[in-house]
file data.pdb (PDB, C-alpha atoms and all ligand atoms)
ATOM      1  CA  MET A 142      62.663-132.992 -20.110
ATOM      2  CA  LEU A 143      61.857-132.238 -16.491
ATOM      3  CA  SER A 144      65.499-132.286 -15.561
ATOM      4  CA  ALA A 145      66.027-129.213 -17.716
ATOM      5  CA  LEU A 146      63.746-127.227 -15.379
ATOM      6  CA  ARG A 147      65.542-128.180 -12.210
ATOM      7  CA  PRO A 148      67.790-125.500 -10.745
ATOM      8  CA  ARG A 149      71.367-126.227 -11.529
ATOM      9  CA  LYS A 150      74.287-125.495  -9.249
ATOM     10  CA  LEU A 151      75.997-122.284 -10.358
ATOM     11  CA  SER A 152      79.550-121.246  -9.679
ATOM     12  CA  PRO A 153      79.978-118.170  -7.374
ATOM     13  CA  VAL A 154      80.944-116.012 -10.372
ATOM     14  CA  LYS A 155      77.821-117.040 -12.325
ATOM     15  CA  ARG A 156      75.639-116.472  -9.234
ATOM     16  CA  TRP A 157      77.059-112.933  -8.887
ATOM     17  CA  LEU A 158      76.483-112.272 -12.586
ATOM     18  CA  ALA A 159      72.879-113.484 -12.406
ATOM     19  CA  ALA A 160      72.176-111.327  -9.332
ATOM     20  CA  THR A 161      73.693-108.249 -10.986
ATOM     21  CA  ILE A 162      71.604-108.675 -14.152
ATOM     22  CA  THR A 163      68.422-109.185 -12.093
ATOM     23  CA  LEU A 164      69.123-105.993 -10.119
ATOM     24  CA  ALA A 165      69.852-103.993 -13.276
ATOM     25  CA  VAL A 166      66.597-105.119 -14.900
ATOM     26  CA  ALA A 167      64.627-104.201 -11.769
ATOM     27  CA  TRP A 168      66.288-100.763 -11.589
ATOM     28  CA  LEU A 169      65.528-100.010 -15.225
ATOM     29  CA  ALA A 170      61.880-100.975 -14.728
ATOM     30  CA  CYS A 171      61.602 -98.553 -11.795
ATOM     31  CA  ALA A 172      63.535 -95.690 -13.425
ATOM     32  CA  ALA A 173      61.266 -95.417 -16.474
ATOM     33  CA  PRO A 174      58.447 -92.905 -15.868
ATOM     34  CA  ALA A 175      55.032 -94.540 -15.946
ATOM     35  CA  GLY A 176      53.190 -94.164 -19.209
ATOM     36  CA  LYS A 177      55.945 -92.175 -20.928
ATOM     37  CA  PRO A 178      58.897 -93.482 -22.901
ATOM     38  CA  ALA A 179      62.185 -92.676 -21.202
ATOM     39  CA  ALA A 180      64.172 -90.221 -23.254
ATOM     40  CA  PRO A 181      67.858 -91.011 -23.529
ATOM     41  CA  ARG A 182      69.969 -88.792 -21.337
ATOM     42  CA  PRO A 183      72.302 -86.766 -23.482
ATOM     43  CA  THR A 184      75.926 -86.275 -22.681
ATOM     44  CA  ALA A 185      76.299 -82.636 -23.648
ATOM     45  CA  PRO A 186      79.098 -80.794 -21.821
ATOM     46  CA  PRO A 187      78.123 -77.828 -19.607
ATOM     47  CA  ILE A 188      77.704 -74.473 -21.309
ATOM     48  CA  ALA A 189      79.347 -71.276 -20.099
ATOM     49  CA  ALA A 190      77.038 -69.054 -18.064
ATOM     50  CA  SER A 191      78.090 -66.042 -20.132
ATOM     51  CA  SER A 192      76.411 -67.516 -23.177
ATOM     52  CA  ALA A 193      73.072 -67.908 -21.444
ATOM     53  CA  PRO A 194      70.109 -65.633 -22.075
ATOM     54  CA  HIS A 195      68.576 -63.503 -19.335
ATOM     55  CA  LEU A 196      66.853 -65.624 -16.718
ATOM     56  CA  GLU A 197      63.712 -64.041 -15.303
ATOM     57  CA  ALA A 198      63.861 -63.737 -11.524
ATOM     58  CA  SER A 199      60.110 -64.136 -11.290
ATOM     59  CA  PRO A 200      58.742 -66.730 -13.633
ATOM     60  CA  ALA A 201      55.134 -65.673 -13.173
ATOM     61  CA  ALA A 202      53.717 -64.383 -16.429
ATOM     62  CA  SER A 203      51.234 -61.522 -16.268
ATOM     63  CA  HIS A 204      48.921 -63.401 -18.583
ATOM     64  CA  ALA A 205      48.510 -66.845 -20.011
ATOM     65  CA  PRO A 206      50.859 -68.746 -17.725
ATOM     66  CA  ASP A 207      49.397 -72.025 -18.773
ATOM     67  CA  GLU A 208      51.303 -73.051 -21.844
ATOM     68  CA  HIS A 209      52.062 -76.753 -21.702
ATOM     69  CA  ASP A 210      49.657 -77.697 -18.985
ATOM     70  CA  GLU A 211      49.115 -80.893 -20.889
ATOM     71  CA  HIS A 212      51.705 -82.813 -22.809
ATOM     72  CA  ASP A 213      49.901 -86.115 -22.976
ATOM     73  CA  ASP A 214      49.781 -87.887 -26.280
ATOM     74  CA  ASP A 215      45.984 -87.489 -26.154
ATOM     75  CA  ASP A 216      46.513 -83.869 -27.172
ATOM     76  CA  GLU A 217      47.960 -84.890 -30.494
ATOM     77  CA  PRO A 218      45.513 -84.994 -33.376
ATOM     78  CA  PRO A 219      45.166 -88.279 -35.231
ATOM     79  CA  PRO A 220      48.292 -89.194 -37.186
ATOM     80  CA  VAL A 221      48.491 -87.852 -40.719
ATOM     81  CA  ALA A 222      49.863 -89.891 -43.601
ATOM     82  CA  PRO A 223      53.504 -89.065 -44.324
ATOM     83  CA  SER A 224      54.320 -87.477 -47.639
ATOM     84  CA  ALA A 225      57.360 -88.746 -49.518
ATOM     85  CA  SER A 226      57.720 -85.488 -51.434
ATOM     86  CA  ILE A 227      58.690 -83.433 -48.419
ATOM     87  CA  VAL A 228      61.158 -85.606 -46.590
ATOM     88  CA  ALA A 229      64.187 -84.676 -48.684
ATOM     89  CA  PRO A 230      67.046 -83.357 -46.547
ATOM     90  CA  ALA A 231      68.041 -79.729 -46.912
ATOM     91  CA  THR A 232      71.517 -78.631 -47.889
ATOM     92  CA  ALA A 233      73.041 -75.768 -45.937
ATOM     93  CA  ALA A 234      73.660 -73.755 -49.118
ATOM     94  CA  ALA A 235      69.956 -73.801 -49.956
ATOM     95  CA  CYS A 236      68.848 -72.639 -46.506
ATOM     96  CA  ASN A 237      68.124 -68.976 -45.904
ATOM     97  CA  PRO A 238      68.958 -67.797 -42.366
ATOM     98  CA  GLN A 239      66.156 -65.701 -40.905
ATOM     99  CA  GLN A 240      65.215 -64.068 -37.622
ATOM    100  CA  ALA A 241      61.845 -64.484 -35.955
ATOM    101  CA  PHE A 242      59.498 -61.535 -36.541
ATOM    102  CA  GLU A 243      59.275 -59.581 -33.314
ATOM    103  CA  PHE A 244      55.570 -58.831 -33.744
ATOM    104  CA  LEU A 245      54.888 -62.568 -33.609
ATOM    105  CA  GLU A 246      56.926 -63.191 -30.458
ATOM    106  CA  ARG A 247      55.015 -63.912 -27.271
ATOM    107  CA  LYS A 248      56.395 -60.796 -25.536
ATOM    108  CA  SER A 249      54.709 -58.704 -28.270
ATOM    109  CA  TYR A 250      51.267 -60.173 -27.678
ATOM    110  CA  ILE A 251      48.572 -57.521 -27.607
ATOM    111  CA  PRO A 252      45.217 -58.443 -26.023
ATOM    112  CA  VAL A 253      42.248 -57.875 -28.287
ATOM    113  CA  LYS A 254      40.699 -55.481 -25.742
ATOM    114  CA  THR A 255      43.761 -53.217 -25.886
ATOM    115  CA  LYS A 256      44.171 -52.755 -29.648
ATOM    116  CA  LYS A 257      42.115 -54.960 -31.915
ATOM    117  CA  ALA A 258      43.984 -54.017 -35.099
ATOM    118  CA  GLU A 259      47.370 -54.849 -33.555
ATOM    119  CA  HIS A 260      46.002 -58.023 -32.017
ATOM    120  CA  ASP A 261      44.581 -59.074 -35.375
ATOM    121  CA  LYS A 262      47.841 -58.382 -37.231
ATOM    122  CA  ALA A 263      49.636 -61.348 -35.656
ATOM    123  CA  LEU A 264      46.557 -63.547 -35.855
ATOM    124  CA  LYS A 265      46.019 -62.676 -39.524
ATOM    125  CA  PHE A 266      49.628 -63.477 -40.397
ATOM    126  CA  ARG A 267      49.320 -66.918 -38.819
ATOM    127  CA  THR A 268      45.935 -67.596 -40.405
ATOM    128  CA  GLN A 269      46.942 -66.500 -43.905
ATOM    129  CA  ASN A 270      50.170 -68.490 -43.852
ATOM    130  CA  TYR A 271      49.213 -71.618 -41.925
ATOM    131  CA  GLY A 272      45.433 -71.924 -41.969
ATOM    132  CA  TRP A 273      42.416 -70.946 -39.909
ATOM    133  CA  VAL A 274      41.851 -72.160 -36.353
ATOM    134  CA  LYS A 275      38.233 -71.991 -35.175
ATOM    135  CA  GLY A 276      37.802 -69.318 -32.520
ATOM    136  CA  PHE A 277      40.868 -67.320 -33.554
ATOM    137  CA  GLY A 278      40.529 -64.663 -36.222
ATOM    138  CA  GLU A 279      38.295 -64.682 -39.249
ATOM    139  CA  GLN A 280      37.706 -67.592 -41.567
ATOM    140  CA  SER A 281      37.635 -65.159 -44.498
ATOM    141  CA  TRP A 282      41.376 -64.584 -44.025
ATOM    142  CA  ASN A 283      41.977 -68.191 -45.065
ATOM    143  CA  PRO A 284      39.156 -70.758 -45.254
ATOM    144  CA  THR A 285      41.586 -73.701 -45.162
ATOM    145  CA  PRO A 286      41.761 -75.125 -41.624
ATOM    146  CA  ALA A 287      45.276 -75.269 -40.149
ATOM    147  CA  LYS A 288      44.759 -78.971 -39.536
ATOM    148  CA  ALA A 289      44.327 -79.533 -43.286
ATOM    149  CA  ASN A 290      47.979 -78.473 -43.661
ATOM    150  CA  ALA A 291      49.179 -81.003 -41.068
ATOM    151  CA  VAL A 292      51.726 -83.559 -42.208
ATOM    152  CA  ALA A 293      53.336 -86.437 -40.341
ATOM    153  CA  ILE A 294      57.098 -86.462 -40.745
ATOM    154  CA  THR A 295      60.199 -87.802 -39.052
ATOM    155  CA  VAL A 296      62.604 -85.268 -37.561
ATOM    156  CA  PHE A 297      65.699 -86.165 -35.549
ATOM    157  CA  GLY A 298      64.630 -89.771 -36.083
ATOM    158  CA  LEU A 299      61.268 -89.240 -34.322
ATOM    159  CA  PRO A 300      57.693 -88.902 -35.583
ATOM    160  CA  ILE A 301      55.924 -85.549 -35.339
ATOM    161  CA  THR A 302      52.940 -83.814 -36.960
ATOM    162  CA  VAL A 303      53.547 -80.231 -38.111
ATOM    163  CA  ASN A 304      52.286 -77.693 -40.634
ATOM    164  CA  LYS A 305      53.727 -78.584 -44.029
ATOM    165  CA  LYS A 306      54.952 -75.013 -44.569
ATOM    166  CA  ILE A 307      57.598 -75.238 -41.845
ATOM    167  CA  ILE A 308      59.046 -78.572 -42.915
ATOM    168  CA  PRO A 309      61.839 -77.017 -45.016
ATOM    169  CA  ALA A 310      62.852 -74.950 -41.959
ATOM    170  CA  LEU A 311      63.015 -78.088 -39.810
ATOM    171  CA  ARG A 312      65.160 -79.753 -42.476
ATOM    172  CA  CYS A 313      67.498 -76.747 -42.409
ATOM    173  CA  VAL A 314      67.772 -77.010 -38.614
ATOM    174  CA  GLU A 315      68.484 -80.735 -38.884
ATOM    175  CA  ALA A 316      71.236 -80.117 -41.435
ATOM    176  CA  GLU A 317      72.715 -77.312 -39.308
ATOM    177  CA  ILE A 318      72.783 -79.511 -36.194
ATOM    178  CA  GLN A 319      74.401 -82.321 -38.127
ATOM    179  CA  SER A 320      77.180 -80.075 -39.392
ATOM    180  CA  SER A 321      77.705 -77.846 -36.328
ATOM    181  CA  CYS A 322      76.720 -79.727 -33.171
ATOM    182  CA  ALA A 323      78.844 -82.893 -33.312
ATOM    183  CA  ALA A 324      80.758 -81.699 -30.237
ATOM    184  CA  PHE A 325      77.488 -81.490 -28.257
ATOM    185  CA  PRO A 326      75.800 -84.865 -28.718
ATOM    186  CA  TYR A 327      72.090 -84.943 -27.930
ATOM    187  CA  LYS A 328      69.488 -87.426 -29.072
ATOM    188  CA  PRO A 329      65.866 -86.433 -28.408
ATOM    189  CA  GLY A 330      63.483 -89.089 -27.150
ATOM    190  CA  VAL A 331      60.070 -87.360 -27.504
ATOM    191  CA  LEU A 332      58.737 -84.677 -29.878
ATOM    192  CA  SER A 333      55.348 -82.939 -29.848
ATOM    193  CA  GLY A 334      53.983 -80.687 -32.606
ATOM    194  CA  LEU A 335      50.420 -79.942 -33.730
ATOM    195  CA  ARG A 336      47.772 -79.930 -30.992
ATOM    196  CA  ASP A 337      44.011 -79.638 -30.773
ATOM    197  CA  LYS A 338      43.689 -77.609 -27.584
ATOM    198  CA  ASN A 339      44.765 -74.052 -26.831
ATOM    199  CA  THR A 340      46.891 -74.012 -23.689
ATOM    200  CA  TYR A 341      46.964 -70.219 -23.282
ATOM    201  CA  ARG A 342      44.433 -67.967 -21.623
ATOM    202  CA  ALA A 343      43.076 -64.466 -22.198
ATOM    203  CA  GLY A 344      42.781 -64.688 -25.967
ATOM    204  CA  GLU A 345      46.372 -65.651 -26.633
ATOM    205  CA  VAL A 346      46.848 -68.571 -28.971
ATOM    206  CA  THR A 347      49.516 -71.242 -28.835
ATOM    207  CA  ASN A 348      51.442 -71.848 -32.037
ATOM    208  CA  HIS A 349      50.917 -75.576 -31.497
ATOM    209  CA  LEU A 350      47.372 -75.060 -32.875
ATOM    210  CA  TYR A 351      48.866 -73.992 -36.215
ATOM    211  CA  GLY A 352      51.436 -76.805 -36.237
ATOM    212  CA  ILE A 353      54.339 -74.353 -36.225
ATOM    213  CA  ALA A 354      55.603 -75.112 -32.691
ATOM    214  CA  ILE A 355      57.514 -78.127 -31.477
ATOM    215  CA  ASP A 356      58.456 -79.373 -28.013
ATOM    216  CA  ILE A 357      61.558 -81.458 -27.444
ATOM    217  CA  ASP A 358      61.803 -83.809 -24.459
ATOM    218  CA  PRO A 359      59.475 -82.078 -21.930
ATOM    219  CA  LEU A 360      60.861 -84.151 -19.062
ATOM    220  CA  LEU A 361      64.439 -83.110 -19.790
ATOM    221  CA  ASN A 362      63.907 -79.488 -20.840
ATOM    222  CA  SER A 363      61.904 -77.641 -18.188
ATOM    223  CA  CYS A 364      59.196 -74.971 -18.303
ATOM    224  CA  CYS A 365      59.537 -73.376 -14.867
ATOM    225  CA  GLY A 366      57.147 -70.489 -15.656
ATOM    226  CA  CYS A 367      54.334 -72.760 -16.805
ATOM    227  CA  VAL A 368      51.504 -74.137 -14.691
ATOM    228  CA  LYS A 369      52.242 -75.722 -11.314
ATOM    229  CA  LYS A 370      52.443 -79.194 -12.766
ATOM    230  CA  TRP A 371      55.495 -78.154 -14.752
ATOM    231  CA  GLN A 372      56.927 -75.950 -12.010
ATOM    232  CA  ALA A 373      56.967 -79.049  -9.796
ATOM    233  CA  SER A 374      59.642 -80.613 -11.968
ATOM    234  CA  PRO A 375      62.836 -81.437 -10.021
ATOM    235  CA  LEU A 376      64.665 -79.369 -12.672
ATOM    236  CA  CYS A 377      62.783 -76.264 -11.457
ATOM    237  CA  LYS A 378      63.546 -77.014  -7.793
ATOM    238  CA  LYS A 379      67.268 -77.403  -8.213
ATOM    239  CA  LYS A 380      69.686 -74.539  -7.695
ATOM    240  CA  ALA A 381      70.556 -73.092 -11.063
ATOM    241  CA  LYS A 382      72.813 -70.242 -12.085
ATOM    242  CA  THR A 383      71.313 -70.040 -15.530
ATOM    243  CA  ILE A 384      68.444 -71.501 -17.479
ATOM    244  CA  TRP A 385      70.895 -73.925 -19.111
ATOM    245  CA  ASP A 386      71.228 -75.740 -15.782
ATOM    246  CA  ARG A 387      67.548 -76.683 -16.021
ATOM    247  CA  MET A 388      67.658 -78.338 -19.387
ATOM    248  CA  SER A 389      69.520 -81.050 -21.240
ATOM    249  CA  MET A 390      69.404 -79.721 -24.780
ATOM    250  CA  PRO A 391      72.710 -78.094 -25.775
ATOM    251  CA  LYS A 392      72.881 -74.405 -26.671
ATOM    252  CA  CYS A 393      74.185 -75.461 -30.085
ATOM    253  CA  TRP A 394      70.720 -76.889 -30.819
ATOM    254  CA  VAL A 395      68.981 -73.684 -29.730
ATOM    255  CA  ASP A 396      71.343 -71.677 -31.969
ATOM    256  CA  ALA A 397      70.536 -73.927 -34.950
ATOM    257  CA  PHE A 398      66.788 -73.425 -34.505
ATOM    258  CA  GLU A 399      67.172 -69.669 -34.087
ATOM    259  CA  LYS A 400      69.353 -69.420 -37.200
ATOM    260  CA  TYR A 401      66.431 -70.547 -39.339
ATOM    261  CA  GLY A 402      63.617 -68.445 -37.921
ATOM    262  CA  PHE A 403      62.488 -70.401 -34.872
ATOM    263  CA  TYR A 404      61.879 -68.487 -31.663
ATOM    264  CA  TRP A 405      62.950 -70.271 -28.495
ATOM    265  CA  LEU A 406      60.533 -69.785 -25.567
ATOM    266  CA  GLY A 407      63.451 -70.223 -23.168
ATOM    267  CA  HIS A 408      63.878 -66.453 -23.707
ATOM    268  CA  ASP A 409      60.318 -65.811 -22.549
ATOM    269  CA  LYS A 410      59.045 -65.334 -18.993
ATOM    270  CA  LEU A 411      57.685 -68.853 -19.238
ATOM    271  CA  GLN A 412      61.247 -70.201 -19.470
ATOM    272  CA  ASP A 413      59.827 -72.864 -21.721
ATOM    273  CA  THR A 414      63.088 -74.497 -22.755
ATOM    274  CA  MET A 415      61.512 -77.428 -24.625
ATOM    275  CA  HIS A 416      59.593 -75.159 -27.043
ATOM    276  CA  PHE A 417      60.471 -73.705 -30.454
ATOM    277  CA  GLU A 418      58.078 -71.919 -32.827
ATOM    278  CA  PHE A 419      58.648 -70.827 -36.393
ATOM    279  CA  LEU A 420      58.025 -67.063 -36.463
ATOM    280  CA  ALA A 421      59.870 -65.992 -39.610
ATOM    281  CA  ASP A 422      58.694 -65.777 -43.233
ATOM    282  CA  PRO A 423      57.612 -69.217 -44.487
ATOM    283  CA  ASP A 424      58.141 -68.034 -48.083
ATOM    284  CA  GLN A 425      61.810 -67.221 -47.429
ATOM    285  CA  ILE A 426      62.973 -70.456 -45.815
ATOM    286  CA  MET A 427      64.969 -71.558 -48.833
ATOM    287  CA  VAL A 428      67.268 -69.421 -50.995
ATOM    288  CA  THR A 429      65.449 -68.332 -54.135
ATOM    289  CA  PRO A 430      66.927 -70.181 -57.123
ATOM    290  CA  GLY A 431      69.135 -67.820 -59.116
ATOM    291  CA  ALA A 432      69.431 -65.280 -56.286
ATOM    292  CA  ALA A 433      72.963 -63.985 -55.697
ATOM    293  CA  LYS A 434      72.634 -64.182 -51.919
ATOM    294  CA  PRO A 435      70.020 -64.929 -49.291
ATOM    295  CA  VAL A 436      67.217 -62.417 -49.185
ATOM    296  CA  ALA A 437      66.388 -60.921 -45.820
ATOM    297  CA  ALA A 438      62.689 -61.293 -45.108
ATOM    298  CA  LYS A 439      60.762 -58.089 -44.541
ATOM    299  CA  GLN A 440      58.664 -57.768 -41.451
ATOM    300  CA  PRO A 441      55.028 -57.168 -42.427
TER     301      PRO A 441
HETATM  302 ZN    ZN A 501      55.270 -76.077 -26.627
END
call {"tool": "encode", "arguments": {"input": "data.pdb", "output": "C-alpha cells", "more": "lines below"}}
Ligand SMILES: [Zn+2]
result
Amino acid sequence: MLSALRPRKLSPVKRWLAATITLAVAWLACAAPAGKPAAPRPTAPPIAASSAPHLEASPAASHAPDEHDEHDDDDEPPPVAPSASIVAPATAAACNPQQAFEFLERKSYIPVKTKKAEHDKALKFRTQNYGWVKGFGEQSWNPTPAKANAVAITVFGLPITVNKKIIPALRCVEAEIQSSCAAFPYKPGVLSGLRDKNTYRAGEVTNHLYGIAIDIDPLLNSCCGCVKKWQASPLCKKKAKTIWDRMSMPKCWVDAFEKYGFYWLGHDKLQDTMHFEFLADPDQIMVTPGAAKPVAAKQP
C-alpha cells in the first residue's frame, strides 16, 4: 500500500499539465473576493454611448448620499419560507407595461420640513401598498408591517426576499429578458432585496425597507455616488465615457425592468447602477382579464 504513496516519475508533458492545473487553482483561490461569492463575469457586448442616460458630472448628492453603505448579508432579514403559489412564470401577453410614478422617484423626494403633506404622499403610497415600516409614516395608514409581506423567491436562478406584491412584476421582467435579451447574455451572481436598516439620511427612506427594491451584483454594477466605500470601487476610478462603462449589466436588462414599472437608480445622482425599485401601480402589473388592452395606471 505504501508504494502507492511514493511519488512516481512523470513524463514532461504530465509534469507541465500538473503545474498548470496547480497554478490555475491557486489563481482562482486568490481572485475570489474574501467572504463574497464571485459573480460570473458576463460577456455582454459594449453598448453605444448614444443610448446611455445622462451621467452626472458631480456624483455628490445634496442629501442622503449613503444608499448602499452596507451590502453585507447581515442586512438581510431572516429567510422567509417560499410560497409555491407565486412562482408561476409570467407570459408577456399578461404583463402590463407601466412607467414609474414620478412622485415616487428619488429626485422627487420632499423633506418633511419643507412640505409635510407632499412628503407624506409618497410615504403613504408605500405604506398603504406594501406595509408599514416603523419610524416612517403612520401605522394607521396600514397596520400590517412591510416585513409581514416578505416572501422568499427565486429570480434569475437566485434566492431573494421581496414584498409579495411586486413578484408578478419581477416575473414579467424575467420573461421580457428571456425573450428580448438573448443577444446580451448576462447571468447575475448575487441579488439583494428586503433589508432591515435604512441606508438613507435626512428622513428619506430606502425602498429596500419595503421589499420593493433589488440590487444586482454590487461588485459588478457600481454606485459611484454612494458612500466612500462604494466610490472606492475600481469601476468608479476607471476612465468612463458613460455610466455603462462602469457596470456589467446590459442595457437590455435595464430596459426590461423599466418596461414593467421599475425605476433604475443609474439615472439618479447616486449613479446606483445595481439598483431597481418598483415605483408603478402594484394593482396594474398584470392585464385585467377581459380588458381589450393594457390599462395605463393613473398617478395618484
Ligand atoms: Zn439598492
call {"tool": "residues_around", "arguments": {"input": "data.pdb", "residues": "Cys377 (chain A)", "least_positions_apart": "2", "cutoff": "9 Å", "atoms": "all atoms listed in the file", "output": "PyMOL selection string"}}
result
chain A and resi 363-365+371-375+379-381+387
call {"tool": "residues_near_ligand", "arguments": {"input": "data.pdb", "ligand": "ligand ZN 501 (chain A)", "cutoff": "12 Å", "atoms": "only C-alpha atoms and all ligand atoms", "output": "PyMOL selection string"}}
result
chain A and resi 207-213+216+332-336+338-341+346-359+362-364+367+404-407+411-419
call {"tool": "atom_distance", "arguments": {"input": "data.pdb", "atom1": "CA of Ile318 (chain A)", "atom2": "CA of Ile426 (chain A)"}}
result
16.5 Å
call {"tool": "closest_residue", "arguments": {"input": "data.pdb", "among": "A:Arg342, A:Lys288, A:Lys256, A:Lys369", "to": "Thr268 (chain A)", "atoms": "all atoms listed in the file"}}
result
A:Lys288
call {"tool": "atom_distance", "arguments": {"input": "data.pdb", "atom1": "CA of Ala234 (chain A)", "atom2": "CA of Glu246 (chain A)"}}
result
27.2 Å
call {"tool": "residues_around", "arguments": {"input": "data.pdb", "residues": "Thr285 (chain A)", "least_positions_apart": "4", "cutoff": "12 Å", "atoms": "all atoms listed in the file", "output": "PyMOL selection string"}}
result
chain A and resi 268-275+279-281+289-291+351
call {"tool": "closest_residue", "arguments": {"input": "data.pdb", "among": "A:Leu245, A:Ile294, A:Leu376, A:Met390", "to": "Arg267 (chain A)", "atoms": "all atoms listed in the file"}}
result
A:Leu245
call {"tool": "axis_aligned_box", "arguments": {"input": "data.pdb", "around": "region 348-353 of chain A", "padding_each_side": "5 Å", "output": "lines of an AutoDock Vina configuration file"}}
result
center_x = 50.9
center_y = -74.3
center_z = -33.9
size_x = 17.0
size_y = 15.0
size_z = 14.7
call {"tool": "atom_distance", "arguments": {"input": "data.pdb", "atom1": "CA of Pro423 (chain A)", "atom2": "CA of Lys262 (chain A)"}}
result
16.3 Å
call {"tool": "residues_around", "arguments": {"input": "data.pdb", "residues": "Trp394 (chain A)", "least_positions_apart": "4", "cutoff": "10 Å", "atoms": "all atoms listed in the file", "output": "ChimeraX atom specification"}}
result
/A:314-315,317-319,321-322,325-327,390,398-400
call {"tool": "closest_residue", "arguments": {"input": "data.pdb", "among": "A:Asn283, A:Ala235, A:Phe403, A:Gln240", "to": "Ile307 (chain A)", "atoms": "only C-alpha atoms"}}
result
A:Phe403
call {"tool": "resolve_selection", "arguments": {"input": "data.pdb", "expression": "the PyMOL selection byres (((chain A and resi 242) around 10) and not hetatm)", "output": "VMD selection string"}}
result
chain A and resid 239 to 241 243 to 246 249 263 402 to 404 419 to 422 438 to 441
call {"tool": "build_atoms", "arguments": {"input": "data.pdb", "residues": "region 406-426 of chain A", "atoms": "N, CA and C atoms", "output": "CSV table (one decimal), in the frame of the given file"}}
result
chain,number,residue,atom,x,y,z
A,406,LEU,N,61.3,-70.3,-26.7
A,406,LEU,CA,60.5,-69.8,-25.6
A,406,LEU,C,61.3,-69.9,-24.3
A,407,GLY,N,62.6,-70.3,-24.3
A,407,GLY,CA,63.5,-70.2,-23.2
A,407,GLY,C,63.8,-68.8,-22.9
A,408,HIS,N,63.6,-67.9,-23.9
A,408,HIS,CA,63.9,-66.5,-23.7
A,408,HIS,C,62.7,-65.8,-23.0
A,409,ASP,N,61.6,-66.4,-23.1
A,409,ASP,CA,60.3,-65.8,-22.5
A,409,ASP,C,60.2,-66.0,-21.0
A,410,LYS,N,59.3,-65.2,-20.4
A,410,LYS,CA,59.0,-65.3,-19.0
A,410,LYS,C,58.7,-66.8,-18.6
A,411,LEU,N,58.1,-67.5,-19.5
A,411,LEU,CA,57.7,-68.9,-19.2
A,411,LEU,C,58.9,-69.8,-19.0
A,412,GLN,N,60.0,-69.4,-19.5
A,412,GLN,CA,61.2,-70.2,-19.5
A,412,GLN,C,61.0,-71.6,-20.0
A,413,ASP,N,60.3,-71.6,-21.1
A,413,ASP,CA,59.8,-72.9,-21.7
A,413,ASP,C,60.9,-73.4,-22.6
A,414,THR,N,61.9,-74.1,-22.0
A,414,THR,CA,63.1,-74.5,-22.8
A,414,THR,C,62.9,-75.6,-23.8
A,415,MET,N,61.8,-76.3,-23.7
A,415,MET,CA,61.5,-77.4,-24.6
A,415,MET,C,60.9,-76.9,-25.9
A,416,HIS,N,60.5,-75.6,-26.0
A,416,HIS,CA,59.6,-75.2,-27.0
A,416,HIS,C,60.3,-74.2,-28.1
A,417,PHE,N,60.1,-74.6,-29.3
A,417,PHE,CA,60.5,-73.7,-30.5
A,417,PHE,C,59.2,-73.4,-31.3
A,418,GLU,N,59.2,-72.2,-31.9
A,418,GLU,CA,58.1,-71.9,-32.8
A,418,GLU,C,58.6,-71.1,-34.0
A,419,PHE,N,58.2,-71.5,-35.2
A,419,PHE,CA,58.6,-70.8,-36.4
A,419,PHE,C,57.9,-69.5,-36.6
A,420,LEU,N,58.7,-68.4,-36.4
A,420,LEU,CA,58.0,-67.1,-36.5
A,420,LEU,C,58.6,-66.2,-37.6
A,421,ALA,N,59.3,-66.8,-38.5
A,421,ALA,CA,59.9,-66.0,-39.6
A,421,ALA,C,59.0,-66.1,-40.8
A,422,ASP,N,59.5,-65.8,-42.0
A,422,ASP,CA,58.7,-65.8,-43.2
A,422,ASP,C,58.7,-67.2,-43.9
A,423,PRO,N,57.6,-67.9,-43.9
A,423,PRO,CA,57.6,-69.2,-44.5
A,423,PRO,C,57.9,-69.2,-46.0
A,424,ASP,N,57.8,-68.1,-46.6
A,424,ASP,CA,58.1,-68.0,-48.1
A,424,ASP,C,59.6,-67.7,-48.3
A,425,GLN,N,60.4,-67.5,-47.3
A,425,GLN,CA,61.8,-67.2,-47.4
A,425,GLN,C,62.7,-68.3,-46.8
A,426,ILE,N,62.2,-69.4,-46.5
A,426,ILE,CA,63.0,-70.5,-45.8
A,426,ILE,C,64.2,-70.9,-46.7
